[in-house]
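Chemist: Take this structure first; my questions come after.
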Amino acid sequence: MLTVYPNTIIYFLCAPNFATGGPEALHQMAYHLNKLGFKAVMYYEPQDHSDNPVHPFYVKYNIPYVREVENNTSHILILPETSLDPLFEDKFSEIRLAIWWLSVTNYYLRINPKIRRTKRKLSYWLRKLYKPVQFATFENIKALNIANIAHSYFSKVHLQEQGITPMGQISDYMNHAFFDLFNPDIKKEDIIIYNPKKNDQFLDSIMKLCPALNWVPLIDLTPTEVAEWMNKAKLYIDFGYHPGKERMPRESCIMNCCMIIGKDGSAKYAEDMPILEKYRFEKKEENIDQIIETIYGCLNNYDEEIKNFANYRAVLFNEENKFIEDINKVFIKG
């Protein structure tokens with residue numbers, strides 16, 4: 001557990017003026033910590049020299065921000081898994097550090113190229129003689145003996161496989177604004193929605209076998225436009241890789257879409273996506289006939305099939321309460 005003293009400041013390292021799932025989760029946690037009586041602030045890095053580093057999407061959370069961190073053991077600095085340089089910086093030598101593993105994949109996408117780039121530089125090999133460059137490998141993270149917090153069940157399992165036991169699991173929750181876009185009065189149509197950026201040739205091959213179906217790619221749309229299609233669609237299909245608990249599947253379920261999902265990354269775990277296994281498929285050619293049969297089942301028998309997603313939908317509507325409950329398990333007043 002992370003002990004929070006009366007004078008503790010909980011800092012959140014976050015990219016300035018940047019809006020995506022990770023930064024929103026960081027702002028959500030800081031917001032609820034403040035509501036619970038703690039003192040949480042955002043520490044935007046790299047330094048943004050504009051007057052305001054807060055992205056407009058996150059102004060509503062009303063979280064104070066700082067440009068410097070007070071480096072002492074009373075305080076805590078929460079790091080997303082993509083920003084782990086502070087683990088080895090002298091200006092953070094005293095503060096208690098914790099990693100929140102919002103994604104597994106993004107960690108590797110950041111650390112592996114960084115290691116390759118650094119090792120190509122002559123300065124790296126010269127520095128090895130007196131002060132070696134440190135990388136946030138799992139071996140080094142374990143040696144530092146710092147706190148690790150899982151986000152998804154997938155990240156929890158992966159950390160355990162690397163010999164790290166997370167002190168808890170705290171997932172984010174869907175933005176209230178998206179719930180407000182749900183319109184139960186809109187009549188469902190035989191529309192299949194998907195994200196072309198997340199899918200590949202496997203879904204393309206299925207689409208070619210079902211050209212008469214109404215396939216709608218969700219790309220380059222505003223949140224309101226995405227919600228409009230989700231309100232009308234009967235089915236959401238996603239055979240992409242899930243580095244964590246992805247937002248678009250959750251949004252689709254909130255909008256009363258049936259779902260057909262792959263088993264890559266977080267998607268394979270019922271703990272992260274509690275849907276029946278009949279809607280979850282390995283990306284294998286021998287599964288295509290069954291997938292197509294399931295597609296037609298969802299479209300032709302929507303009123304019955306959608307009932308099978310009621311449990312997942314209930315989980316999504318309770319995400320914020322679960323979020324607060326899990327925060328209270330990790331952050332303890334001392």
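Naming scheme: A, B, ... for chains in displayed order of the structure tokens; residues 1 onward per chain; ligands 1 onward as shown.
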Quick one: everything within 12 Å of A:Ala212, counting only C-alpha atoms, minus sequence neighbours fewer than 3 positions away in the same chain. Send it as a list in words.

Modeler: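 Within the cut-off, the hits are Asp190, Ile191, Ile192, Ile206, Met207, Lys208, Leu209, Trp215 and Tyr296 of chain A.
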
Chemist: Generate a file of the selected residues that holds C-alpha atoms, formatted as a short mmCIF file (atom, residue, chain, number, x, y, z; two decimals), in the first residue's frame.

Modeler:
```cif
data_model
loop_
_atom_site.label_atom_id
_atom_site.label_comp_id
_atom_site.auth_asym_id
_atom_site.auth_seq_id
_atom_site.Cartn_x
_atom_site.Cartn_y
_atom_site.Cartn_z
CA ASP A 190 -28.39 -3.87 -39.48
CA ILE A 191 -25.13 -1.94 -39.20
CA ILE A 192 -21.74 -3.39 -38.25
CA ILE A 206 -14.47 -11.65 -43.40
CA MET A 207 -15.84 -8.47 -44.97
CA LYS A 208 -15.08 -9.78 -48.46
CA LEU A 209 -17.12 -12.88 -47.70
CA TRP A 215 -19.99 -2.26 -42.70
CA TYR A 296 -25.74 -13.06 -38.76
#
```

Chemist: Counting only C-alpha atoms, what is within 8 Å of A:Ile275, bar same-chain residues fewer than 6 positions away, as an MDAnalysis selection string?

Modeler: chainID A and resid 308:309 311:312

Chemist: Write out the residues from the selection above, keeping N, CA and C atoms, as a PDB file, in the first residue's frame.

Modeler:
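Printed below is out03.pdb as written:
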```pdb
ATOM      1  N   ASN A 308     -27.324 -10.920 -23.751  1.00  0.00           N
ATOM      2  CA  ASN A 308     -26.106 -11.574 -23.266  1.00  0.00           C
ATOM      3  C   ASN A 308     -25.017 -10.581 -22.877  1.00  0.00           C
ATOM      4  N   PHE A 309     -25.212  -9.305 -23.198  1.00  0.00           N
ATOM      5  CA  PHE A 309     -24.216  -8.283 -22.868  1.00  0.00           C
ATOM      6  C   PHE A 309     -24.644  -7.413 -21.685  1.00  0.00           C
ATOM      7  N   ASN A 311     -24.615  -8.092 -18.511  1.00  0.00           N
ATOM      8  CA  ASN A 311     -23.672  -8.145 -17.397  1.00  0.00           C
ATOM      9  C   ASN A 311     -22.486  -7.205 -17.625  1.00  0.00           C
ATOM     10  N   TYR A 312     -21.926  -7.230 -18.825  1.00  0.00           N
ATOM     11  CA  TYR A 312     -20.793  -6.348 -19.133  1.00  0.00           C
ATOM     12  C   TYR A 312     -21.225  -4.889 -19.037  1.00  0.00           C
TER      13      TYR A 312
END
```

Chemist: Show me, as a list in words, the residues that have an atom within 9 Å of A:Gly240 when counting only C-alpha atoms, minus same-chain residues fewer than 5 positions from it.

Modeler: Asn195, Pro196, Lys197, Lys198, Asn199, Asp200, Ile261, Gly262, Lys263, Asp264, Gly265 and Ala267 of chain A

Chemist: Of the candidates A:Glu305, A:Glu225, A:Gly37, A:Ile193, which one gets nearest to A:Pro249 if we count only C-alpha atoms?

Modeler: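 With only C-alpha atoms as the atom set, the closest residue is A:Ile193.
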
Chemist: How far is it from atom CA of A:Glu81 to atom CA of A:Pro223, in Å with one decimal?

Modeler: 26.2 Å

Chemist: Tell me which of A:Leu79, A:Asn318, A:Leu87, A:Arg96 sits closest to A:Val4, counting only C-alpha atoms.

Modeler: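 Distance minimum relative to A:Val4 lands on A:Arg96.
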
Chemist: Which residues of stretch 150-228 of chain A come within 12 Å of stretch 59-67 of chain A, and what is each one's closest atom pair and distance in Å (one decimal), counting only C-alpha atoms, sorted by chain and residue number, as CSV?

Modeler:
```
residue,atom,partner,partner_atom,distance
A:Asn175,CA,A:Lys60,CA,11.3
A:His176,CA,A:Lys60,CA,11.4
A:Ala177,CA,A:Lys60,CA,11.3
```

Chemist: Please report, as a ChimeraX atom specification, each residue of stretch 158-218 of chain A to which DSSP assigns strand (DSSP E or B) when run on this structure's backbone.

Modeler: /A:168-169,189-194,214-217

Chemist: Next, the residues of the selection above should be written as a PDB file, in the first residue's frame with C-alpha atoms.

Modeler:
```pdb
ATOM      1  CA  GLY A 168      -3.261  -3.391  -6.525  1.00  0.00           C
ATOM      2  CA  GLN A 169      -5.289  -2.940  -9.683  1.00  0.00           C
ATOM      3  CA  GLU A 189     -30.280  -1.035 -37.790  1.00  0.00           C
ATOM      4  CA  ASP A 190     -28.390  -3.875 -39.480  1.00  0.00           C
ATOM      5  CA  ILE A 191     -25.133  -1.936 -39.203  1.00  0.00           C
ATOM      6  CA  ILE A 192     -21.738  -3.387 -38.250  1.00  0.00           C
ATOM      7  CA  ILE A 193     -19.215  -0.886 -36.898  1.00  0.00           C
ATOM      8  CA  TYR A 194     -15.463  -1.365 -36.603  1.00  0.00           C
ATOM      9  CA  ASN A 214     -23.538  -2.791 -44.022  1.00  0.00           C
ATOM     10  CA  TRP A 215     -19.993  -2.256 -42.701  1.00  0.00           C
ATOM     11  CA  VAL A 216     -19.262   1.199 -41.278  1.00  0.00           C
ATOM     12  CA  PRO A 217     -15.656   2.150 -40.383  1.00  0.00           C
TER      13      PRO A 217
END
```

Chemist: For a quick check of understanding, using only C-alpha atoms, which of A:Pro53, A:Pro23, A:Pro113, A:Pro211 has the smallest distance to A:Ile78?

Modeler: A:Pro23

Chemist: Do you have, as a Markdown table, the list of residues of stretch 228-324 of chain A lying at most 9 Å from stretch 139-157 of chain A, each with its nearest atom pair and that distance in Å to one decimal, counting only C-alpha atoms and ordered by chain then number?

Modeler:
```
| residue | atom | partner | partner_atom | distance |
| --- | --- | --- | --- | --- |
| A:Pro243 | CA | A:Phe154 | CA | 8.3 |
| A:Gly244 | CA | A:Ser152 | CA | 5.9 |
| A:Lys245 | CA | A:Ser152 | CA | 6.1 |
| A:Gly265 | CA | A:Phe154 | CA | 6.9 |
| A:Ser266 | CA | A:Phe154 | CA | 5.0 |
| A:Ala267 | CA | A:Phe154 | CA | 8.5 |
| A:Lys268 | CA | A:Phe154 | CA | 8.6 |
| A:Tyr269 | CA | A:Phe154 | CA | 7.0 |
| A:Ala270 | CA | A:Tyr153 | CA | 9.0 |
| A:Glu271 | CA | A:Tyr153 | CA | 6.2 |
| A:Asp272 | CA | A:Tyr153 | CA | 5.9 |
```

Chemist: Determine which residues of stretch 69-265 of chain A receive a DSSP assignment of helix (DSSP H, G or I), computed from the backbone, and state them as JSON, numbers by chain.

Modeler: {"A": [85, 86, 87, 88, 90, 91, 92, 105, 106, 107, 108, 109, 110, 111, 112, 113, 114, 115, 116, 117, 118, 119, 122, 123, 124, 125, 126, 127, 138, 139, 140, 141, 142, 143, 144, 153, 154, 155, 156, 157, 158, 159, 160, 161, 176, 177, 178, 179, 180, 201, 202, 203, 204, 205, 206, 207, 208, 209, 223, 224, 225, 226, 227, 228, 229, 230, 231, 232, 247, 248, 249, 250, 251, 252, 253, 254]}

Chemist: In Å, rounded to a single decimal, give me how far atom CA of A:Phe202 is from atom CA of A:Glu282.

Modeler: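 These two atoms are separated by 10.4 Å.
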
Chemist: Point out the residue among A:Phe135, A:Leu235, A:Glu319, A:Asn112 with the least atom-to-atom distance to A:Asn301, counting only C-alpha atoms.

Modeler: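 Smallest distance to A:Asn301 is found for A:Leu235.
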
Chemist: Of the residues A:Tyr236, A:Met230, A:Cys257, A:Tyr11, which is the one nearest to A:Lys307, using only C-alpha atoms?

Modeler: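 Result for the nearest residue to A:Lys307: A:Cys257.
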
Chemist: Quick one: of A:Gly21, A:Leu316, A:Ile76, A:Phe138, who's nearest to A:Gly163, counting only C-alpha atoms?

Modeler: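 Answer, going by the shortest atom-to-atom distance: A:Phe138.
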
Chemist: So how far away is atom CA of A:Lys91 from atom CA of A:Ile115, in Å?

Modeler: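 Answer for the atom CA of A:Ile115 to atom CA of A:Lys91 separation: 22.1 Å.
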
Chemist: Would you mind listing what lies within 9 Å of A:Ile327 as a list in words, with only C-alpha atoms counted and same-chain residues fewer than 2 positions away left out?

Modeler: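 My list of contacting residues is Met29, His32, Leu33, Gly168, Gln169, Ile170, Lys322, Phe323, Ile324, Glu325, Lys329, Val330, Phe331 and Ile332 of chain A.
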
Chemist: Could you please take those selected residues and save N, CA and C atoms as a PDB file, in the first residue's frame?

Modeler:
```
ATOM      1  N   MET A  29      -7.787   9.753 -11.737  1.00  0.00           N
ATOM      2  CA  MET A  29      -7.296   9.329 -10.427  1.00  0.00           C
ATOM      3  C   MET A  29      -6.982  10.533  -9.545  1.00  0.00           C
ATOM      4  N   HIS A  32     -10.249  12.030  -8.163  1.00  0.00           N
ATOM      5  CA  HIS A  32     -10.903  11.295  -7.081  1.00  0.00           C
ATOM      6  C   HIS A  32     -10.055  11.283  -5.808  1.00  0.00           C
ATOM      7  N   LEU A  33      -8.741  11.291  -5.949  1.00  0.00           N
ATOM      8  CA  LEU A  33      -7.910  11.406  -4.750  1.00  0.00           C
ATOM      9  C   LEU A  33      -8.193  12.715  -4.016  1.00  0.00           C
ATOM     10  N   GLY A 168      -1.828  -3.495  -6.312  1.00  0.00           N
ATOM     11  CA  GLY A 168      -3.261  -3.391  -6.525  1.00  0.00           C
ATOM     12  C   GLY A 168      -3.562  -3.213  -7.993  1.00  0.00           C
ATOM     13  N   GLN A 169      -4.841  -3.192  -8.311  1.00  0.00           N
ATOM     14  CA  GLN A 169      -5.289  -2.940  -9.683  1.00  0.00           C
ATOM     15  C   GLN A 169      -6.303  -1.816  -9.651  1.00  0.00           C
ATOM     16  N   ILE A 170      -6.030  -0.753 -10.406  1.00  0.00           N
ATOM     17  CA  ILE A 170      -6.955   0.377 -10.512  1.00  0.00           C
ATOM     18  C   ILE A 170      -7.197   0.645 -11.989  1.00  0.00           C
ATOM     19  N   LYS A 322     -16.211   1.307  -8.727  1.00  0.00           N
ATOM     20  CA  LYS A 322     -15.130   0.328  -8.544  1.00  0.00           C
ATOM     21  C   LYS A 322     -13.781   1.042  -8.507  1.00  0.00           C
ATOM     22  N   PHE A 323     -13.627   2.062  -9.321  1.00  0.00           N
ATOM     23  CA  PHE A 323     -12.413   2.878  -9.374  1.00  0.00           C
ATOM     24  C   PHE A 323     -12.120   3.486  -7.997  1.00  0.00           C
ATOM     25  N   ILE A 324     -13.120   4.085  -7.390  1.00  0.00           N
ATOM     26  CA  ILE A 324     -12.964   4.698  -6.069  1.00  0.00           C
ATOM     27  C   ILE A 324     -12.632   3.634  -5.023  1.00  0.00           C
ATOM     28  N   GLU A 325     -13.319   2.508  -5.094  1.00  0.00           N
ATOM     29  CA  GLU A 325     -13.063   1.407  -4.162  1.00  0.00           C
ATOM     30  C   GLU A 325     -11.616   0.936  -4.253  1.00  0.00           C
ATOM     31  N   LYS A 329      -8.010   1.073  -1.683  1.00  0.00           N
ATOM     32  CA  LYS A 329      -7.222  -0.117  -1.304  1.00  0.00           C
ATOM     33  C   LYS A 329      -5.727   0.139  -1.466  1.00  0.00           C
ATOM     34  N   VAL A 330      -5.357   1.058  -2.338  1.00  0.00           N
ATOM     35  CA  VAL A 330      -3.944   1.325  -2.621  1.00  0.00           C
ATOM     36  C   VAL A 330      -3.405   2.502  -1.826  1.00  0.00           C
ATOM     37  N   PHE A 331      -4.180   3.587  -1.731  1.00  0.00           N
ATOM     38  CA  PHE A 331      -3.749   4.794  -1.027  1.00  0.00           C
ATOM     39  C   PHE A 331      -4.359   4.803   0.373  1.00  0.00           C
ATOM     40  N   ILE A 332      -3.495   4.698   1.387  1.00  0.00           N
ATOM     41  CA  ILE A 332      -3.941   4.580   2.772  1.00  0.00           C
ATOM     42  C   ILE A 332      -3.464   5.796   3.570  1.00  0.00           C
TER      43      ILE A 332
END
```
